[in-house]
Amino acid sequence: MKAARMAVARSGGRPASISAALDCNGKALDLFRPQVMGVLNVTPDSFSDGGDFFMPEKAVQRALQMEADGAALIDIGGESTRPGAEPVAEQEEIARVVPVIEALQSRLRVPISIDTQKPAVMRAAVRAGAGLINDVNALRMPGALQAAAECGVPVCLMHMQGDPRTMQAAPQYGDVVDEVKAFLQQRIEACVQGGIARERLLLDPGFGFGKTVEQNLQLLARLDEFSHFGLPVVVGLSRKSMIGKLLGLDIGERLPASIALAMLAVERGACLVRSHDVAETWQALRMSAVLQEAGKPAYGRSRFSDLEKQDG
Ligand code: 7PM
């Protein structure tokens, strides 16, 4: 499947939405309706799973469960990007992710994304079967853009101000939405210049990566503006600290607000939602898809007959 795609449709005053299937190293990522990207941390220090899934076999079981729960993509990360986190050595990161990708590649129908900033990890992961590069650093590490171009898989470009060690110290912007858009525009241009087709790019405003709560809220309130690039918009809001700060909730208490934020993002044009809680998030997004479909002329509905059949 070539990246023949992209009907950017405007309907009924809603933000532009993307209709596309992306070729991820031979596996299709269906973006015809909002989808869930399931988070699989393979770090010993991961904030949300306490390292429970650091054992390869546990990680494999968790990924298969996420696929069964409705994930369209499994995002594997071997380096914590937690604010204040120390970088992980390249060989250590490869040793964490590659065995898990190799074990999963033939057992998963859905593609795997590799959450990394490092060119050597990108190459090793894609060789092992990963089908998408999810880089919170938007391919700014030396050699990363060339590595991604040579890997030939789609790339999610995320905005981050500063680096994970220091980014939450004192984030500063003029207009945060305008600056994040300008950054992504520059990165799109750098990618196209470097041999990555525009059609292979996805965009993410990077909630929580060098942003205050107020700046995160601005980005979500105006998320529809990111659809104007005509590329799929990805969001990661699951369990993030803005929920804790706004509502006074600990990490284990943030699922309802995470689902609400996922829905609000989809309403504003997001088509891929990164989540730790796949079953719950997918249930919510399916309702969004059903309602979206109900607003279309009757002849356009057949595509969603499978959604109706899953009832029960
Ligand atoms: C601590 C704080 C640990 C935050 C991990 C995180 C995103 C991502 C992450 C995102 C994309 C998390 C984050 N967040 N990739 N990777 N977008 N594309 O909440 O927002 O898992 S790490």
# chains A, B, ... in the order shown; residues from 1 in each chain; ligands from 1
call {"tool": "residues_around", "arguments": {"residues": "segment 225-240 of chain A", "least_positions_apart": "5", "cutoff": "6 Å", "atoms": "only C-alpha atoms", "output": "JSON, numbers by chain"}}
result
{"A": [16, 202, 203, 204, 254, 258, 270, 271, 272, 273, 274, 275]}
call {"tool": "closest_atom_pairs", "arguments": {"of": "chain A", "to": "ligand 1", "cutoff": "10 Å", "atoms": "only C-alpha atoms and all ligand atoms", "output": "JSON lines"}}
result
{"residue": "A:Met37", "atom": "CA", "partner": "ligand 1", "partner_atom_place_in_ligand_line": "18 (N)", "distance": 9.2}
{"residue": "A:Gly38", "atom": "CA", "partner": "ligand 1", "partner_atom_place_in_ligand_line": "21 (O)", "distance": 9.9}
{"residue": "A:Val39", "atom": "CA", "partner": "ligand 1", "partner_atom_place_in_ligand_line": "21 (O)", "distance": 6.9}
{"residue": "A:Leu40", "atom": "CA", "partner": "ligand 1", "partner_atom_place_in_ligand_line": "21 (O)", "distance": 8.9}
{"residue": "A:Asn41", "atom": "CA", "partner": "ligand 1", "partner_atom_place_in_ligand_line": "21 (O)", "distance": 8.1}
{"residue": "A:Asp45", "atom": "CA", "partner": "ligand 1", "partner_atom_place_in_ligand_line": "3 (C)", "distance": 9.1}
{"residue": "A:Ser46", "atom": "CA", "partner": "ligand 1", "partner_atom_place_in_ligand_line": "3 (C)", "distance": 6.3}
{"residue": "A:Phe47", "atom": "CA", "partner": "ligand 1", "partner_atom_place_in_ligand_line": "3 (C)", "distance": 5.5}
{"residue": "A:Ser48", "atom": "CA", "partner": "ligand 1", "partner_atom_place_in_ligand_line": "3 (C)", "distance": 7.2}
{"residue": "A:Asp49", "atom": "CA", "partner": "ligand 1", "partner_atom_place_in_ligand_line": "3 (C)", "distance": 9.9}
{"residue": "A:Asp75", "atom": "CA", "partner": "ligand 1", "partner_atom_place_in_ligand_line": "15 (N)", "distance": 8.3}
{"residue": "A:Ile76", "atom": "CA", "partner": "ligand 1", "partner_atom_place_in_ligand_line": "16 (N)", "distance": 9.5}
{"residue": "A:Gly77", "atom": "CA", "partner": "ligand 1", "partner_atom_place_in_ligand_line": "16 (N)", "distance": 8.0}
{"residue": "A:Glu79", "atom": "CA", "partner": "ligand 1", "partner_atom_place_in_ligand_line": "22 (S)", "distance": 9.0}
{"residue": "A:Ser80", "atom": "CA", "partner": "ligand 1", "partner_atom_place_in_ligand_line": "3 (C)", "distance": 5.7}
{"residue": "A:Thr81", "atom": "CA", "partner": "ligand 1", "partner_atom_place_in_ligand_line": "5 (C)", "distance": 5.1}
{"residue": "A:Arg82", "atom": "CA", "partner": "ligand 1", "partner_atom_place_in_ligand_line": "1 (C)", "distance": 3.2}
{"residue": "A:Pro83", "atom": "CA", "partner": "ligand 1", "partner_atom_place_in_ligand_line": "2 (C)", "distance": 5.9}
{"residue": "A:Gly84", "atom": "CA", "partner": "ligand 1", "partner_atom_place_in_ligand_line": "1 (C)", "distance": 8.9}
{"residue": "A:Ala85", "atom": "CA", "partner": "ligand 1", "partner_atom_place_in_ligand_line": "1 (C)", "distance": 8.3}
{"residue": "A:Ser113", "atom": "CA", "partner": "ligand 1", "partner_atom_place_in_ligand_line": "18 (N)", "distance": 9.8}
{"residue": "A:Ile114", "atom": "CA", "partner": "ligand 1", "partner_atom_place_in_ligand_line": "15 (N)", "distance": 9.6}
{"residue": "A:Asp115", "atom": "CA", "partner": "ligand 1", "partner_atom_place_in_ligand_line": "15 (N)", "distance": 6.7}
{"residue": "A:Thr116", "atom": "CA", "partner": "ligand 1", "partner_atom_place_in_ligand_line": "16 (N)", "distance": 8.9}
{"residue": "A:Ile133", "atom": "CA", "partner": "ligand 1", "partner_atom_place_in_ligand_line": "18 (N)", "distance": 9.3}
{"residue": "A:Asn134", "atom": "CA", "partner": "ligand 1", "partner_atom_place_in_ligand_line": "18 (N)", "distance": 5.6}
{"residue": "A:Asp135", "atom": "CA", "partner": "ligand 1", "partner_atom_place_in_ligand_line": "18 (N)", "distance": 6.6}
{"residue": "A:Val136", "atom": "CA", "partner": "ligand 1", "partner_atom_place_in_ligand_line": "15 (N)", "distance": 5.6}
{"residue": "A:Asn137", "atom": "CA", "partner": "ligand 1", "partner_atom_place_in_ligand_line": "15 (N)", "distance": 9.4}
{"residue": "A:Ala138", "atom": "CA", "partner": "ligand 1", "partner_atom_place_in_ligand_line": "18 (N)", "distance": 9.4}
{"residue": "A:Val155", "atom": "CA", "partner": "ligand 1", "partner_atom_place_in_ligand_line": "18 (N)", "distance": 9.6}
{"residue": "A:Cys156", "atom": "CA", "partner": "ligand 1", "partner_atom_place_in_ligand_line": "18 (N)", "distance": 6.2}
{"residue": "A:Leu157", "atom": "CA", "partner": "ligand 1", "partner_atom_place_in_ligand_line": "18 (N)", "distance": 7.2}
{"residue": "A:Met158", "atom": "CA", "partner": "ligand 1", "partner_atom_place_in_ligand_line": "18 (N)", "distance": 5.7}
{"residue": "A:His159", "atom": "CA", "partner": "ligand 1", "partner_atom_place_in_ligand_line": "17 (N)", "distance": 8.6}
{"residue": "A:Met160", "atom": "CA", "partner": "ligand 1", "partner_atom_place_in_ligand_line": "20 (O)", "distance": 9.5}
{"residue": "A:Pro164", "atom": "CA", "partner": "ligand 1", "partner_atom_place_in_ligand_line": "2 (C)", "distance": 9.0}
{"residue": "A:Leu202", "atom": "CA", "partner": "ligand 1", "partner_atom_place_in_ligand_line": "18 (N)", "distance": 9.0}
{"residue": "A:Leu203", "atom": "CA", "partner": "ligand 1", "partner_atom_place_in_ligand_line": "18 (N)", "distance": 8.0}
{"residue": "A:Asp204", "atom": "CA", "partner": "ligand 1", "partner_atom_place_in_ligand_line": "18 (N)", "distance": 5.8}
{"residue": "A:Pro205", "atom": "CA", "partner": "ligand 1", "partner_atom_place_in_ligand_line": "20 (O)", "distance": 7.5}
{"residue": "A:Gly206", "atom": "CA", "partner": "ligand 1", "partner_atom_place_in_ligand_line": "20 (O)", "distance": 4.7}
{"residue": "A:Phe207", "atom": "CA", "partner": "ligand 1", "partner_atom_place_in_ligand_line": "20 (O)", "distance": 5.2}
{"residue": "A:Gly208", "atom": "CA", "partner": "ligand 1", "partner_atom_place_in_ligand_line": "4 (C)", "distance": 7.1}
{"residue": "A:Phe209", "atom": "CA", "partner": "ligand 1", "partner_atom_place_in_ligand_line": "20 (O)", "distance": 7.6}
{"residue": "A:Val233", "atom": "CA", "partner": "ligand 1", "partner_atom_place_in_ligand_line": "18 (N)", "distance": 9.6}
{"residue": "A:Val234", "atom": "CA", "partner": "ligand 1", "partner_atom_place_in_ligand_line": "18 (N)", "distance": 6.4}
{"residue": "A:Val235", "atom": "CA", "partner": "ligand 1", "partner_atom_place_in_ligand_line": "20 (O)", "distance": 5.5}
{"residue": "A:Gly236", "atom": "CA", "partner": "ligand 1", "partner_atom_place_in_ligand_line": "20 (O)", "distance": 3.3}
{"residue": "A:Leu237", "atom": "CA", "partner": "ligand 1", "partner_atom_place_in_ligand_line": "20 (O)", "distance": 6.1}
{"residue": "A:Ser238", "atom": "CA", "partner": "ligand 1", "partner_atom_place_in_ligand_line": "19 (O)", "distance": 6.0}
{"residue": "A:Arg239", "atom": "CA", "partner": "ligand 1", "partner_atom_place_in_ligand_line": "19 (O)", "distance": 6.4}
{"residue": "A:Lys240", "atom": "CA", "partner": "ligand 1", "partner_atom_place_in_ligand_line": "19 (O)", "distance": 5.6}
{"residue": "A:Ser241", "atom": "CA", "partner": "ligand 1", "partner_atom_place_in_ligand_line": "2 (C)", "distance": 7.6}
{"residue": "A:Leu272", "atom": "CA", "partner": "ligand 1", "partner_atom_place_in_ligand_line": "18 (N)", "distance": 9.3}
{"residue": "A:Val273", "atom": "CA", "partner": "ligand 1", "partner_atom_place_in_ligand_line": "17 (N)", "distance": 8.6}
{"residue": "A:Arg274", "atom": "CA", "partner": "ligand 1", "partner_atom_place_in_ligand_line": "17 (N)", "distance": 6.6}
{"residue": "A:Ser275", "atom": "CA", "partner": "ligand 1", "partner_atom_place_in_ligand_line": "21 (O)", "distance": 7.7}
{"residue": "A:His276", "atom": "CA", "partner": "ligand 1", "partner_atom_place_in_ligand_line": "21 (O)", "distance": 7.6}
call {"tool": "select_by_dssp", "arguments": {"residues": "segment 28-220 of chain A", "states": "strand (DSSP E)", "output": "ChimeraX atom specification"}}
result
/A:28-30,35-41,73-77,112-115,132-135,155-158,201-204
call {"tool": "residues_around", "arguments": {"residues": "Arg268 of chain A", "least_positions_apart": "2", "cutoff": "6 Å", "atoms": "only C-alpha atoms", "output": "list of chain:residue names"}}
result
A:Leu223, A:Asp224, A:Ala265, A:Val266
call {"tool": "write_last_selection", "arguments": {"atoms": "C-alpha atoms", "output": "CSV table (one decimal), in the first residue's frame"}}
result
chain,number,residue,atom,x,y,z
A,223,LEU,CA,-6.3,22.2,18.7
A,224,ASP,CA,-8.4,22.5,15.5
A,265,ALA,CA,-9.2,16.4,21.5
A,266,VAL,CA,-11.1,14.2,19.0
call {"tool": "residues_around", "arguments": {"residues": "Gln161 of chain A", "least_positions_apart": "2", "cutoff": "8 Å", "atoms": "only C-alpha atoms", "output": "PDB file with C-alpha atoms, in the first residue's frame"}}
result
ATOM      1  CA  HIS A 159       6.764  19.655  19.907  1.00  0.00           C
ATOM      2  CA  ASP A 163      14.603  18.764  27.093  1.00  0.00           C
ATOM      3  CA  MET A 167      11.601  21.465  30.322  1.00  0.00           C
ATOM      4  CA  PRO A 171       8.304  27.239  29.924  1.00  0.00           C
ATOM      5  CA  PHE A 209       6.493  18.867  27.271  1.00  0.00           C
ATOM      6  CA  GLY A 210       7.714  22.284  28.360  1.00  0.00           C
ATOM      7  CA  LYS A 211       4.235  23.727  28.913  1.00  0.00           C
TER       8      LYS A 211
END
call {"tool": "residues_around", "arguments": {"residues": "segment 104-108 of chain A", "least_positions_apart": "4", "cutoff": "9 Å", "atoms": "only C-alpha atoms", "output": "ChimeraX atom specification"}}
result
/A:60,63-64,67,99-100,112,128-130
call {"tool": "write_last_selection", "arguments": {"atoms": "C-alpha atoms", "output": "compact mmCIF listing (two decimals), in the first residue's frame"}}
result
# COMPACT_ATOMS: atom_id res chain seq x y z
CA VAL A 60 4.33 -8.94 25.06
CA ALA A 63 0.68 -5.47 24.02
CA LEU A 64 -1.53 -8.35 22.89
CA GLU A 67 -4.63 -4.94 20.63
CA PRO A 99 13.45 -8.16 22.07
CA VAL A 100 9.91 -6.95 22.69
CA ILE A 112 4.23 -0.96 16.43
CA ALA A 128 13.05 -5.59 14.24
CA GLY A 129 9.63 -4.73 12.77
CA ALA A 130 8.51 -1.34 14.12
call {"tool": "closest_residue", "arguments": {"among": "A:Ala103, A:Gln91, A:Ala148, A:Arg187", "to": "Pro119 of chain A", "atoms": "only C-alpha atoms"}}
result
A:Ala148
call {"tool": "residues_around", "arguments": {"residues": "Met141 of chain A", "least_positions_apart": "2", "cutoff": "7 Å", "atoms": "only C-alpha atoms", "output": "ChimeraX atom specification"}}
result
/A:117-118,139,143-144
call {"tool": "write_last_selection", "arguments": {"atoms": "N, CA and C atoms", "output": "PDB file, in the first residue's frame"}}
result
ATOM      1  N   GLN A 117      14.245   9.074  20.537  1.00  0.00           N
ATOM      2  CA  GLN A 117      14.863  10.243  19.917  1.00  0.00           C
ATOM      3  C   GLN A 117      16.156   9.854  19.198  1.00  0.00           C
ATOM      4  N   LYS A 118      16.616   8.628  19.398  1.00  0.00           N
ATOM      5  CA  LYS A 118      17.972   8.250  18.973  1.00  0.00           C
ATOM      6  C   LYS A 118      17.975   7.517  17.628  1.00  0.00           C
ATOM      7  N   LEU A 139      12.834  14.655  15.509  1.00  0.00           N
ATOM      8  CA  LEU A 139      14.002  14.344  14.662  1.00  0.00           C
ATOM      9  C   LEU A 139      15.084  15.422  14.700  1.00  0.00           C
ATOM     10  N   GLY A 143      21.570  13.217  13.198  1.00  0.00           N
ATOM     11  CA  GLY A 143      21.455  11.911  12.552  1.00  0.00           C
ATOM     12  C   GLY A 143      20.057  11.319  12.574  1.00  0.00           C
ATOM     13  N   ALA A 144      19.159  11.879  13.371  1.00  0.00           N
ATOM     14  CA  ALA A 144      17.820  11.279  13.509  1.00  0.00           C
ATOM     15  C   ALA A 144      16.995  11.438  12.238  1.00  0.00           C
TER      16      ALA A 144
END
call {"tool": "residues_around", "arguments": {"residues": "Met55 of chain A", "least_positions_apart": "4", "cutoff": "12 Å", "atoms": "only C-alpha atoms", "output": "list of chain:residue names"}}
result
A:Leu40, A:Asn41, A:Val42, A:Thr43, A:Pro44, A:Gly50, A:Gly51, A:Ala59, A:Val60, A:Gln61, A:Arg62, A:Gly78, A:Ala95, A:Arg96, A:Val97, A:Pro99, A:Val100
call {"tool": "write_last_selection", "arguments": {"atoms": "N, CA and C atoms", "output": "PDB file, in the first residue's frame"}}
result
ATOM      1  N   LEU A  40       3.132   1.308  25.749  1.00  0.00           N
ATOM      2  CA  LEU A  40       3.844   0.169  26.331  1.00  0.00           C
ATOM      3  C   LEU A  40       5.237   0.635  26.743  1.00  0.00           C
ATOM      4  N   ASN A  41       5.381   0.919  28.030  1.00  0.00           N
ATOM      5  CA  ASN A  41       6.683   1.344  28.540  1.00  0.00           C
ATOM      6  C   ASN A  41       7.517   0.127  28.880  1.00  0.00           C
ATOM      7  N   VAL A  42       8.728   0.083  28.354  1.00  0.00           N
ATOM      8  CA  VAL A  42       9.643  -0.990  28.746  1.00  0.00           C
ATOM      9  C   VAL A  42      10.853  -0.364  29.441  1.00  0.00           C
ATOM     10  N   THR A  43      10.525   0.455  30.457  1.00  0.00           N
ATOM     11  CA  THR A  43      11.553   1.106  31.274  1.00  0.00           C
ATOM     12  C   THR A  43      11.372   0.640  32.716  1.00  0.00           C
ATOM     13  N   PRO A  44      12.478   0.513  33.447  1.00  0.00           N
ATOM     14  CA  PRO A  44      12.329   0.121  34.846  1.00  0.00           C
ATOM     15  C   PRO A  44      11.787   1.253  35.718  1.00  0.00           C
ATOM     16  N   GLY A  50       5.338   1.460  37.060  1.00  0.00           N
ATOM     17  CA  GLY A  50       6.327   1.034  38.034  1.00  0.00           C
ATOM     18  C   GLY A  50       7.296  -0.007  37.516  1.00  0.00           C
ATOM     19  N   GLY A  51       7.420  -0.101  36.183  1.00  0.00           N
ATOM     20  CA  GLY A  51       8.343  -1.070  35.613  1.00  0.00           C
ATOM     21  C   GLY A  51       7.767  -2.469  35.508  1.00  0.00           C
ATOM     22  N   ALA A  59       5.678  -7.637  28.816  1.00  0.00           N
ATOM     23  CA  ALA A  59       5.418  -6.576  27.843  1.00  0.00           C
ATOM     24  C   ALA A  59       4.643  -7.122  26.650  1.00  0.00           C
ATOM     25  N   VAL A  60       5.008  -8.314  26.193  1.00  0.00           N
ATOM     26  CA  VAL A  60       4.332  -8.936  25.057  1.00  0.00           C
ATOM     27  C   VAL A  60       2.858  -9.191  25.401  1.00  0.00           C
ATOM     28  N   GLN A  61       2.618  -9.748  26.558  1.00  0.00           N
ATOM     29  CA  GLN A  61       1.231 -10.025  26.978  1.00  0.00           C
ATOM     30  C   GLN A  61       0.422  -8.737  27.053  1.00  0.00           C
ATOM     31  N   ARG A  62       1.027  -7.712  27.580  1.00  0.00           N
ATOM     32  CA  ARG A  62       0.348  -6.421  27.713  1.00  0.00           C
ATOM     33  C   ARG A  62       0.000  -5.851  26.321  1.00  0.00           C
ATOM     34  N   GLY A  78      11.580   2.793  25.422  1.00  0.00           N
ATOM     35  CA  GLY A  78      12.583   2.268  26.343  1.00  0.00           C
ATOM     36  C   GLY A  78      13.333   3.343  27.098  1.00  0.00           C
ATOM     37  N   ALA A  95      18.540  -2.631  23.906  1.00  0.00           N
ATOM     38  CA  ALA A  95      18.393  -3.917  24.598  1.00  0.00           C
ATOM     39  C   ALA A  95      17.008  -4.044  25.244  1.00  0.00           C
ATOM     40  N   ARG A  96      16.404  -2.933  25.612  1.00  0.00           N
ATOM     41  CA  ARG A  96      15.057  -2.977  26.197  1.00  0.00           C
ATOM     42  C   ARG A  96      13.979  -3.209  25.141  1.00  0.00           C
ATOM     43  N   VAL A  97      14.075  -2.481  24.012  1.00  0.00           N
ATOM     44  CA  VAL A  97      12.939  -2.482  23.072  1.00  0.00           C
ATOM     45  C   VAL A  97      12.999  -3.580  22.005  1.00  0.00           C
ATOM     46  N   PRO A  99      14.037  -6.824  21.812  1.00  0.00           N
ATOM     47  CA  PRO A  99      13.454  -8.157  22.071  1.00  0.00           C
ATOM     48  C   PRO A  99      11.923  -8.135  22.104  1.00  0.00           C
ATOM     49  N   VAL A 100      11.374  -7.049  22.606  1.00  0.00           N
ATOM     50  CA  VAL A 100       9.905  -6.945  22.693  1.00  0.00           C
ATOM     51  C   VAL A 100       9.312  -6.761  21.295  1.00  0.00           C
TER      52      VAL A 100
END
call {"tool": "atom_distance", "arguments": {"atom1": "atom CA of Leu285 of chain A", "atom2": "atom CA of Ala260 of chain A"}}
result
10.1 Å
call {"tool": "select_by_dssp", "arguments": {"residues": "segment 163-253 of chain A", "states": "alpha helix (DSSP H)", "output": "MDAnalysis selection string"}}
result
chainID A and resid 176:193 213:221 241:247
call {"tool": "atom_distance", "arguments": {"atom1": "atom CA of Leu22 of chain A", "atom2": "atom CA of Asn216 of chain A"}}
result
28.0 Å
call {"tool": "closest_residue", "arguments": {"among": "A:Gln215, A:Gln146, A:Asn25, A:Thr166", "to": "Glu179 of chain A", "atoms": "only C-alpha atoms"}}
result
A:Gln215
call {"tool": "atom_distance", "arguments": {"atom1": "atom CA of Glu280 of chain A", "atom2": "atom CA of Gln35 of chain A"}}
result
12.2 Å
